[in-house]
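Containing mmCIF, C-alpha atoms: query-v4.cif.
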```cif
data_protein
loop_
_atom_site.label_atom_id
_atom_site.label_comp_id
_atom_site.auth_asym_id
_atom_site.auth_seq_id
_atom_site.Cartn_x
_atom_site.Cartn_y
_atom_site.Cartn_z
CA MET R 1 -7.15 -8.98 49.48
CA SER R 2 -10.78 -9.77 50.20
CA GLN R 3 -13.52 -9.08 47.69
CA GLU R 4 -15.98 -8.68 50.58
CA SER R 5 -13.98 -6.05 52.47
CA ALA R 6 -12.85 -4.22 49.34
CA PRO R 7 -15.38 -4.53 46.51
CA ARG R 8 -13.40 -2.09 44.39
CA LEU R 9 -9.64 -2.01 44.09
CA ILE R 10 -7.36 -0.02 41.83
CA VAL R 11 -3.67 -0.81 41.46
CA ALA R 12 -1.22 1.63 39.93
CA LEU R 13 2.34 1.02 38.81
CA TYR R 14 4.35 4.17 38.10
CA GLY R 15 7.93 4.45 36.98
CA PRO R 16 10.24 6.28 34.58
CA THR R 17 10.90 5.30 30.99
CA SER R 18 12.86 2.03 30.62
CA SER R 19 12.42 1.09 34.29
CA GLY R 20 10.73 -2.22 33.42
CA LYS R 21 7.05 -1.37 33.97
CA THR R 22 5.77 -3.50 31.09
CA HIS R 23 7.24 -6.79 32.29
CA VAL R 24 6.36 -6.21 35.94
CA SER R 25 2.79 -5.10 35.18
CA VAL R 26 2.01 -8.09 32.96
CA GLU R 27 3.51 -10.55 35.46
CA LEU R 28 1.51 -8.89 38.25
CA CYS R 29 -1.68 -9.19 36.23
CA LEU R 30 -1.06 -12.85 35.47
CA ARG R 31 -0.61 -13.58 39.17
CA LEU R 32 -3.76 -11.63 40.09
CA ARG R 33 -5.68 -13.71 37.56
CA ASP R 34 -4.14 -17.12 38.16
CA GLU R 35 -3.64 -17.02 41.95
CA LEU R 36 -6.51 -14.79 43.12
CA GLY R 37 -9.03 -15.44 40.39
CA VAL R 38 -9.66 -11.77 39.58
CA GLU R 39 -9.55 -10.47 36.02
CA PRO R 40 -7.11 -7.56 35.67
CA VAL R 41 -7.25 -4.92 32.95
CA VAL R 42 -4.25 -2.73 32.26
CA ILE R 43 -5.16 0.94 31.84
CA SER R 44 -2.20 2.49 30.04
CA ALA R 45 -1.27 5.88 31.50
CA ASP R 46 1.26 6.90 28.88
CA SER R 47 0.71 10.20 27.09
CA ARG R 48 2.37 8.93 23.90
CA GLN R 49 0.95 5.43 23.61
CA VAL R 50 -2.55 6.83 23.22
CA TYR R 51 -1.66 7.71 19.62
CA ARG R 52 -2.07 5.34 16.69
CA HIS R 53 0.80 4.33 14.40
CA MET R 54 3.47 5.41 16.92
CA ASP R 55 4.31 1.88 17.99
CA ILE R 56 8.04 1.19 18.04
CA GLY R 57 9.14 4.66 19.13
CA THR R 58 6.80 4.65 22.14
CA SER R 59 7.62 1.05 23.11
CA LYS R 60 3.98 -0.02 23.04
CA THR R 61 3.35 -3.38 24.64
CA THR R 62 3.09 -5.97 21.87
CA ARG R 63 0.41 -8.66 21.70
CA GLU R 64 3.04 -11.23 22.57
CA GLU R 65 4.16 -9.24 25.63
CA MET R 66 0.57 -8.86 26.85
CA HIS R 67 0.21 -12.64 27.35
CA GLY R 68 -3.55 -12.36 27.02
CA VAL R 69 -3.96 -9.55 29.55
CA ARG R 70 -6.35 -6.92 28.21
CA HIS R 71 -4.80 -3.48 27.70
CA GLU R 72 -6.85 -0.30 27.28
CA MET R 73 -6.04 3.35 26.39
CA ILE R 74 -3.55 2.37 23.70
CA ASP R 75 -4.19 3.58 20.12
CA VAL R 76 -7.25 5.64 21.06
CA ALA R 77 -6.48 8.80 19.06
CA GLU R 78 -4.87 10.02 15.87
CA PRO R 79 -1.72 12.04 16.55
CA ILE R 80 -2.94 14.91 14.36
CA ARG R 81 -3.79 16.84 17.54
CA LYS R 82 -3.18 16.50 21.26
CA LEU R 83 -5.47 14.25 23.27
CA GLU R 84 -6.53 16.52 26.11
CA LEU R 85 -6.46 15.33 29.70
CA GLU R 86 -10.24 15.43 30.08
CA ASN R 87 -10.66 13.12 27.08
CA PHE R 88 -8.13 10.67 28.45
CA VAL R 89 -9.75 10.70 31.90
CA SER R 90 -13.25 10.19 30.51
CA GLN R 91 -12.28 7.20 28.38
CA ALA R 92 -10.04 5.64 31.03
CA ARG R 93 -12.73 5.93 33.71
CA ASP R 94 -15.21 4.17 31.43
CA HIS R 95 -12.80 1.23 31.15
CA MET R 96 -12.22 1.24 34.90
CA ASP R 97 -15.95 1.21 35.64
CA ALA R 98 -16.50 -1.64 33.20
CA CYS R 99 -13.69 -3.59 34.83
CA TRP R 100 -15.12 -3.08 38.32
CA ASP R 101 -18.64 -3.94 37.15
CA SER R 102 -17.35 -7.31 35.95
CA GLY R 103 -15.56 -7.95 39.25
CA GLY R 104 -12.09 -7.19 37.93
CA VAL R 105 -9.18 -5.00 38.97
CA PRO R 106 -7.96 -2.07 36.86
CA VAL R 107 -4.17 -1.79 36.89
CA VAL R 108 -3.02 1.68 35.87
CA VAL R 109 0.46 1.52 34.35
CA GLY R 110 2.54 4.37 33.03
CA GLY R 111 5.15 7.02 33.29
CA THR R 112 2.93 10.07 32.81
CA SER R 113 2.33 11.14 36.38
CA VAL R 114 -0.56 13.49 35.62
CA TYR R 115 -2.41 10.60 33.94
CA VAL R 116 -1.75 8.26 36.86
CA ARG R 117 -2.73 10.80 39.50
CA SER R 118 -5.86 11.94 37.66
CA LEU R 119 -7.19 8.37 37.80
CA LEU R 120 -6.01 7.54 41.30
CA GLU R 121 -7.25 10.74 42.89
CA GLY R 122 -10.48 11.18 40.95
CA TRP R 123 -9.63 14.58 39.52
CA GLU R 124 -12.50 16.67 38.23
CA VAL R 125 -11.27 18.04 34.91
CA ASP R 126 -14.40 19.61 33.43
CA ALA R 127 -13.63 23.04 34.86
CA VAL R 128 -10.22 23.06 33.22
CA ALA R 129 -11.71 21.98 29.88
CA GLU R 130 -14.23 24.82 30.00
CA SER R 131 -11.50 27.31 30.86
CA ARG R 132 -9.30 26.07 28.03
CA ASN R 133 -12.06 26.46 25.45
CA ALA R 134 -12.85 29.98 26.65
CA LEU R 135 -9.19 30.98 26.67
CA LYS R 136 -8.69 29.81 23.09
CA LYS R 137 -11.46 32.19 22.04
CA ASP R 138 -9.97 35.08 24.03
CA PHE R 139 -6.40 34.32 22.99
CA PRO R 140 -6.13 32.85 19.47
CA ARG R 141 -2.78 31.37 18.48
CA SER R 142 -1.60 34.73 17.14
CA MET R 143 -1.90 36.14 20.68
CA ALA R 144 0.25 33.52 22.41
CA SER R 145 2.56 36.17 23.87
CA ASP R 146 -0.42 38.05 25.36
CA ALA R 147 -1.64 34.84 27.00
CA HIS R 148 1.86 34.30 28.38
CA GLU R 149 1.84 37.79 29.93
CA VAL R 150 -1.44 37.02 31.68
CA LEU R 151 -0.04 33.74 32.95
CA ALA R 152 3.05 35.55 34.27
CA ARG R 153 0.82 37.86 36.31
CA LEU R 154 -1.20 34.96 37.74
CA ASP R 155 1.50 32.33 38.21
CA ARG R 156 5.05 33.55 37.71
CA LYS R 157 6.62 30.14 38.31
CA ALA R 158 4.43 28.43 35.72
CA ALA R 159 5.15 31.16 33.18
CA ALA R 160 8.89 30.87 33.73
CA LYS R 161 8.78 27.22 32.67
CA LEU R 162 7.08 27.98 29.34
CA HIS R 163 8.27 29.81 26.25
CA ALA R 164 5.89 32.56 25.15
CA ASN R 165 5.50 30.81 21.78
CA ASN R 166 4.40 27.52 23.38
CA TYR R 167 0.74 28.26 22.75
CA ASP R 168 -0.77 24.97 23.92
CA GLY R 169 1.41 24.90 27.01
CA VAL R 170 0.51 28.46 27.97
CA ILE R 171 -3.22 27.91 27.40
CA ASN R 172 -3.14 24.71 29.46
CA ALA R 173 -1.31 26.43 32.30
CA LEU R 174 -3.76 29.33 32.26
CA ALA R 175 -6.68 26.90 32.23
CA HIS R 176 -5.37 25.21 35.35
CA VAL R 177 -4.99 28.54 37.12
CA MET R 178 -8.37 29.91 36.05
CA GLY R 179 -10.26 26.61 36.20
CA ASN R 180 -9.39 26.07 39.86
CA ASP R 181 -6.69 23.52 38.95
CA THR R 182 -7.40 19.81 38.67
CA GLU R 183 -5.16 19.07 41.63
CA ARG R 184 -7.27 21.25 43.92
CA SER R 185 -10.53 19.88 42.52
CA LYS R 186 -10.16 16.27 43.52
CA SER R 187 -13.16 14.13 44.31
CA ALA R 188 -13.06 10.86 46.18
CA LEU R 189 -12.62 7.92 43.84
CA GLY R 190 -14.39 5.53 46.19
CA ALA R 191 -11.97 2.66 45.66
CA ARG R 192 -9.15 1.14 47.65
CA ARG R 193 -5.82 2.10 46.12
CA VAL R 194 -2.50 0.31 45.94
CA VAL R 195 0.18 2.56 44.49
CA LEU R 196 3.41 0.88 43.40
CA GLY R 197 6.58 2.55 42.22
CA ILE R 198 9.45 1.00 40.28
CA ASP R 199 12.78 2.73 39.79
CA ARG R 200 16.42 1.99 39.07
CA PRO R 201 19.75 3.62 39.89
CA VAL R 202 20.48 6.52 37.56
CA ARG R 203 23.37 4.82 35.76
CA ASP R 204 21.33 1.68 35.20
CA LEU R 205 18.40 3.72 33.92
CA ASP R 206 20.66 5.71 31.59
CA ARG R 207 22.08 2.49 30.18
CA ARG R 208 18.62 1.03 29.66
CA VAL R 209 17.40 4.20 27.90
CA ALA R 210 20.21 3.89 25.36
CA GLY R 211 19.53 0.17 24.98
CA THR R 212 15.83 0.83 24.40
CA TYR R 213 16.56 3.22 21.55
CA ASP R 214 19.05 0.84 19.93
CA ASN R 215 16.50 -1.95 20.13
CA GLN R 216 13.86 0.29 18.57
CA MET R 217 16.19 0.94 15.65
CA ARG R 218 16.71 -2.79 15.18
CA ARG R 219 12.96 -3.31 15.20
CA GLY R 220 12.42 -0.77 12.41
CA LEU R 221 12.03 2.67 13.98
CA GLN R 222 13.43 4.40 10.91
CA ASP R 223 10.81 2.81 8.66
CA GLU R 224 8.09 3.71 11.15
CA ILE R 225 9.16 7.36 11.07
CA LEU R 226 9.23 7.41 7.27
CA ASP R 227 5.74 5.87 7.23
CA LEU R 228 4.46 8.49 9.68
CA ASN R 229 5.98 11.22 7.54
CA ALA R 230 4.27 9.88 4.44
CA ARG R 231 0.96 9.45 6.28
CA TYR R 232 0.80 12.95 7.82
CA GLY R 233 3.14 15.13 5.74
CA LEU R 234 5.25 15.84 8.80
CA GLU R 235 8.35 17.28 7.13
CA ASP R 236 6.28 20.00 5.48
CA GLN R 237 4.31 20.64 8.67
CA PHE R 238 7.47 20.96 10.75
CA ARG R 239 9.13 23.21 8.17
CA ARG R 240 6.13 25.57 8.17
CA LEU R 241 5.11 25.51 11.83
CA SER R 242 8.13 24.24 13.77
CA ASN R 243 7.21 23.71 17.44
CA GLN R 244 3.70 25.05 16.82
CA ALA R 245 2.85 22.05 14.61
CA PRO R 246 -0.18 20.23 16.08
CA ASN R 247 0.85 16.67 15.16
CA GLN R 248 2.06 14.90 18.28
CA VAL R 249 4.70 12.88 16.43
CA LEU R 250 6.63 16.14 16.25
CA HIS R 251 6.37 16.59 20.02
CA THR R 252 7.54 13.11 21.01
CA HIS R 253 11.12 12.25 21.93
CA GLY R 254 12.44 9.56 19.65
CA TYR R 255 10.62 11.04 16.67
CA SER R 256 10.99 14.83 16.84
CA GLU R 257 14.80 14.69 16.75
CA TRP R 258 14.70 13.14 13.27
CA PHE R 259 12.71 16.05 11.87
CA GLU R 260 14.85 18.61 13.67
CA LEU R 261 18.05 17.26 12.14
CA ALA R 262 16.53 16.94 8.69
CA ARG R 263 15.60 20.61 8.79
CA GLU R 264 18.97 21.65 10.18
CA THR R 265 20.91 19.78 7.51
CA GLY R 266 18.53 20.63 4.69
CA LYS R 267 18.23 16.95 3.79
CA PRO R 268 15.06 14.98 3.16
CA LEU R 269 14.24 12.64 6.01
CA ASP R 270 15.06 9.57 3.93
CA ARG R 271 18.48 10.93 2.97
CA LEU R 272 19.99 11.24 6.45
CA THR R 273 23.46 9.68 6.57
CA PRO R 274 24.80 7.21 9.16
CA ASP R 275 26.61 10.15 10.80
CA ASP R 276 23.31 12.04 10.93
CA LEU R 277 21.65 9.05 12.57
CA ASP R 278 24.40 8.98 15.19
CA THR R 279 23.61 12.60 15.97
CA VAL R 280 19.91 11.78 16.21
CA ARG R 281 20.69 8.95 18.62
CA GLU R 282 22.75 11.22 20.86
CA ARG R 283 19.93 13.75 21.06
CA VAL R 284 17.21 11.18 21.67
CA VAL R 285 19.12 9.38 24.40
CA GLU R 286 20.11 12.61 26.16
CA ARG R 287 16.59 14.04 26.08
CA ILE R 288 14.95 10.86 27.30
CA ARG R 289 17.51 10.57 30.09
CA THR R 290 16.62 14.13 31.12
CA HIS R 291 12.94 13.19 30.93
CA THR R 292 13.48 10.23 33.26
CA ARG R 293 14.89 12.64 35.86
CA ARG R 294 11.63 14.61 35.73
CA GLN R 295 9.61 11.41 35.92
CA ARG R 296 11.50 10.27 39.00
CA SER R 297 10.76 13.56 40.74
CA ALA R 298 7.04 12.75 40.54
CA PHE R 299 7.32 9.88 43.02
CA LYS R 300 6.96 12.28 45.93
CA LYS R 301 3.60 13.48 44.55
CA LEU R 302 2.12 9.98 44.58
CA GLN R 303 0.28 9.47 47.84
CA GLY R 304 1.17 6.25 49.64
CA VAL R 305 3.51 4.95 46.94
CA ARG R 306 5.31 1.70 47.83
CA MET R 307 8.52 0.98 45.99
CA ILE R 308 8.95 -2.48 44.49
CA ARG R 309 11.69 -4.14 42.45
CA ASN R 310 9.91 -6.94 40.62
CA ALA R 311 6.58 -8.63 39.98
CA ARG R 312 6.84 -10.84 43.06
CA GLU R 313 7.15 -7.80 45.32
CA ALA R 314 4.36 -6.05 43.40
CA PHE R 315 2.03 -9.00 43.96
CA THR R 316 2.91 -9.39 47.64
CA THR R 317 2.47 -5.67 48.29
CA THR R 318 -0.90 -5.68 46.52
CA CYS R 319 -2.14 -8.65 48.56
CA ASP R 320 -0.92 -7.18 51.85
CA ALA R 321 -2.40 -3.73 51.30
#
```
Can I see the file as structure tokens?
Amino acid sequence: MSQESAPRLIVALYGPTSSGKTHVSVELCLRLRDELGVEPVVISADSRQVYRHMDIGTSKTTREEMHGVRHEMIDVAEPIRKLELENFVSQARDHMDACWDSGGVPVVVGGTSVYVRSLLEGWEVDAVAESRNALKKDFPRSMASDAHEVLARLDRKAAAKLHANNYDGVINALAHVMGNDTERSKSALGARRVVLGIDRPVRDLDRRVAGTYDNQMRRGLQDEILDLNARYGLEDQFRRLSNQAPNQVLHTHGYSEWFELARETGKPLDRLTPDDLDTVRERVVERIRTHTRRQRSAFKKLQGVRMIRNAREAFTTTCDA
């Protein structure tokens, strides 16, 4: 890996939830710094870790786990509303440019494939943002079903994947169709790319997903959820708006299931019984396992991805690319 032949390099590490990305990415960064003398910066590409106060349930990398490696795009927004893709891309690119300007290497790490690809492939997202804003004026939330009908006429497959009441999802899908789609509006990034993938056998991944949740509970997930509820009034918001609630805590696996069960049982969140918590665990684990299946399917969309098993292979592959 020569600085002269490749003045700009971007490394990406993609993998499903609980596949071990955090450990591998930090070890890779330490080797890039200590053995090659380049300063790495981790650009988190996780659609949940961008939100403040959602720490344990999103498995944010702790200061101790970072081992001095700088991490960006964590805790950049309040969860009161969704951080749109164009906002993520704009902020992340600023960090990447600053890293390159100082002679460093941005290392994009995450399990949100659209975030990873948008940075790797230089997506132009302004057209989609403009379309989204216009569509929200033409189709206010009360006209979600009308927007869904339009989407069905333009892209039947996309409409079939979305409930007519999923307003944000329908508007986003329409924006992609009418804004010429970010994937078809790529621009050259102008950097050499090394794309790494990490995965595990399904049974191993399923076991690790369950273990991750149990560890989160030991670390205080229940208290974190109660604090979030007190901070944002989530029980009331979920009771009034259900899946239309804007707060992203209520749209995040590991959190949303708590509020669902509280509403179903008619109990306050802080009065859930041990049996209730067992039910919550079953739902969380099952949904995240299903989510990992979707994440794994994204590997084929990553151009030039090279599968690795550990930090040593990640470092060797990066040096040889």
Please tell me which residues are no farther than 12 Å from (14.6, 13.4, 15.0) in the file, counting all atoms listed in the file, and write them as JSON, numbers by chain.
{"R": [57, 221, 222, 225, 226, 229, 234, 235, 238, 249, 250, 251, 252, 253, 254, 255, 256, 257, 258, 259, 260, 261, 262, 263, 264, 265, 268, 269, 270, 272, 276, 277, 278, 279, 280, 281, 282, 283, 284, 285, 287]}
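The residues returned by the PyMOL selection byres ((chain R and resi 10) around 6) on the shown structure are Leu9, Val11, Pro106 and Arg193 of chain R.
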Which residues, written as number ranges by chain, have at least one atom at most 12 Å from Glu35 of chain R, with only C-alpha atoms counted and residues fewer than 6 positions away on the same chain left out?
R: 1, 27-29, 315-316, 319
Can you work out which one of R:Gln295, R:Thr290, R:Ser18, R:Ser131 has the shortest atom-to-atom distance to Val116 of chain R, counting only C-alpha atoms?
R:Gln295
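With only C-alpha atoms taken into account, every residue lying no more than 6 Å from the file point (9.0, -2.9, 14.6) is included here: Ile56, Arg219 and Gly220 of chain R.
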The PyMOL selection byres ((chain R and resi 157-166) around 12) resolved against shown file, as a ChimeraX atom specification:
/R:141-156,167-177,241-246,251
Using the chain letters and numbering of this document, enumerate as a ChimeraX atom specification the residues selected by the PyMOL selection byres ((chain R and resi 68-79) around 10).
/R:25-27,29-30,33,39-55,60-61,63-67,80-83,88-89,91-92,95-96,106-109,228,232,246-251
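In this comparison, which uses all atoms listed in the file, the residue of R:Gly266, R:Gly111, R:Gly190, R:Pro140 approaching Ser19 of chain R most closely is R:Gly111.
Ranking R:Arg271, R:Arg207, R:Arg218, R:Arg239 by their shortest atom-to-atom distance to Thr17 of chain R, with all atoms listed in the file included, puts R:Arg207 first.
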Shortest contact to Arg309 of chain R, candidates R:Asp101, R:Asp199, R:Glu224, R:Glu286, atoms counted only C-alpha atoms, goes to R:Asp199
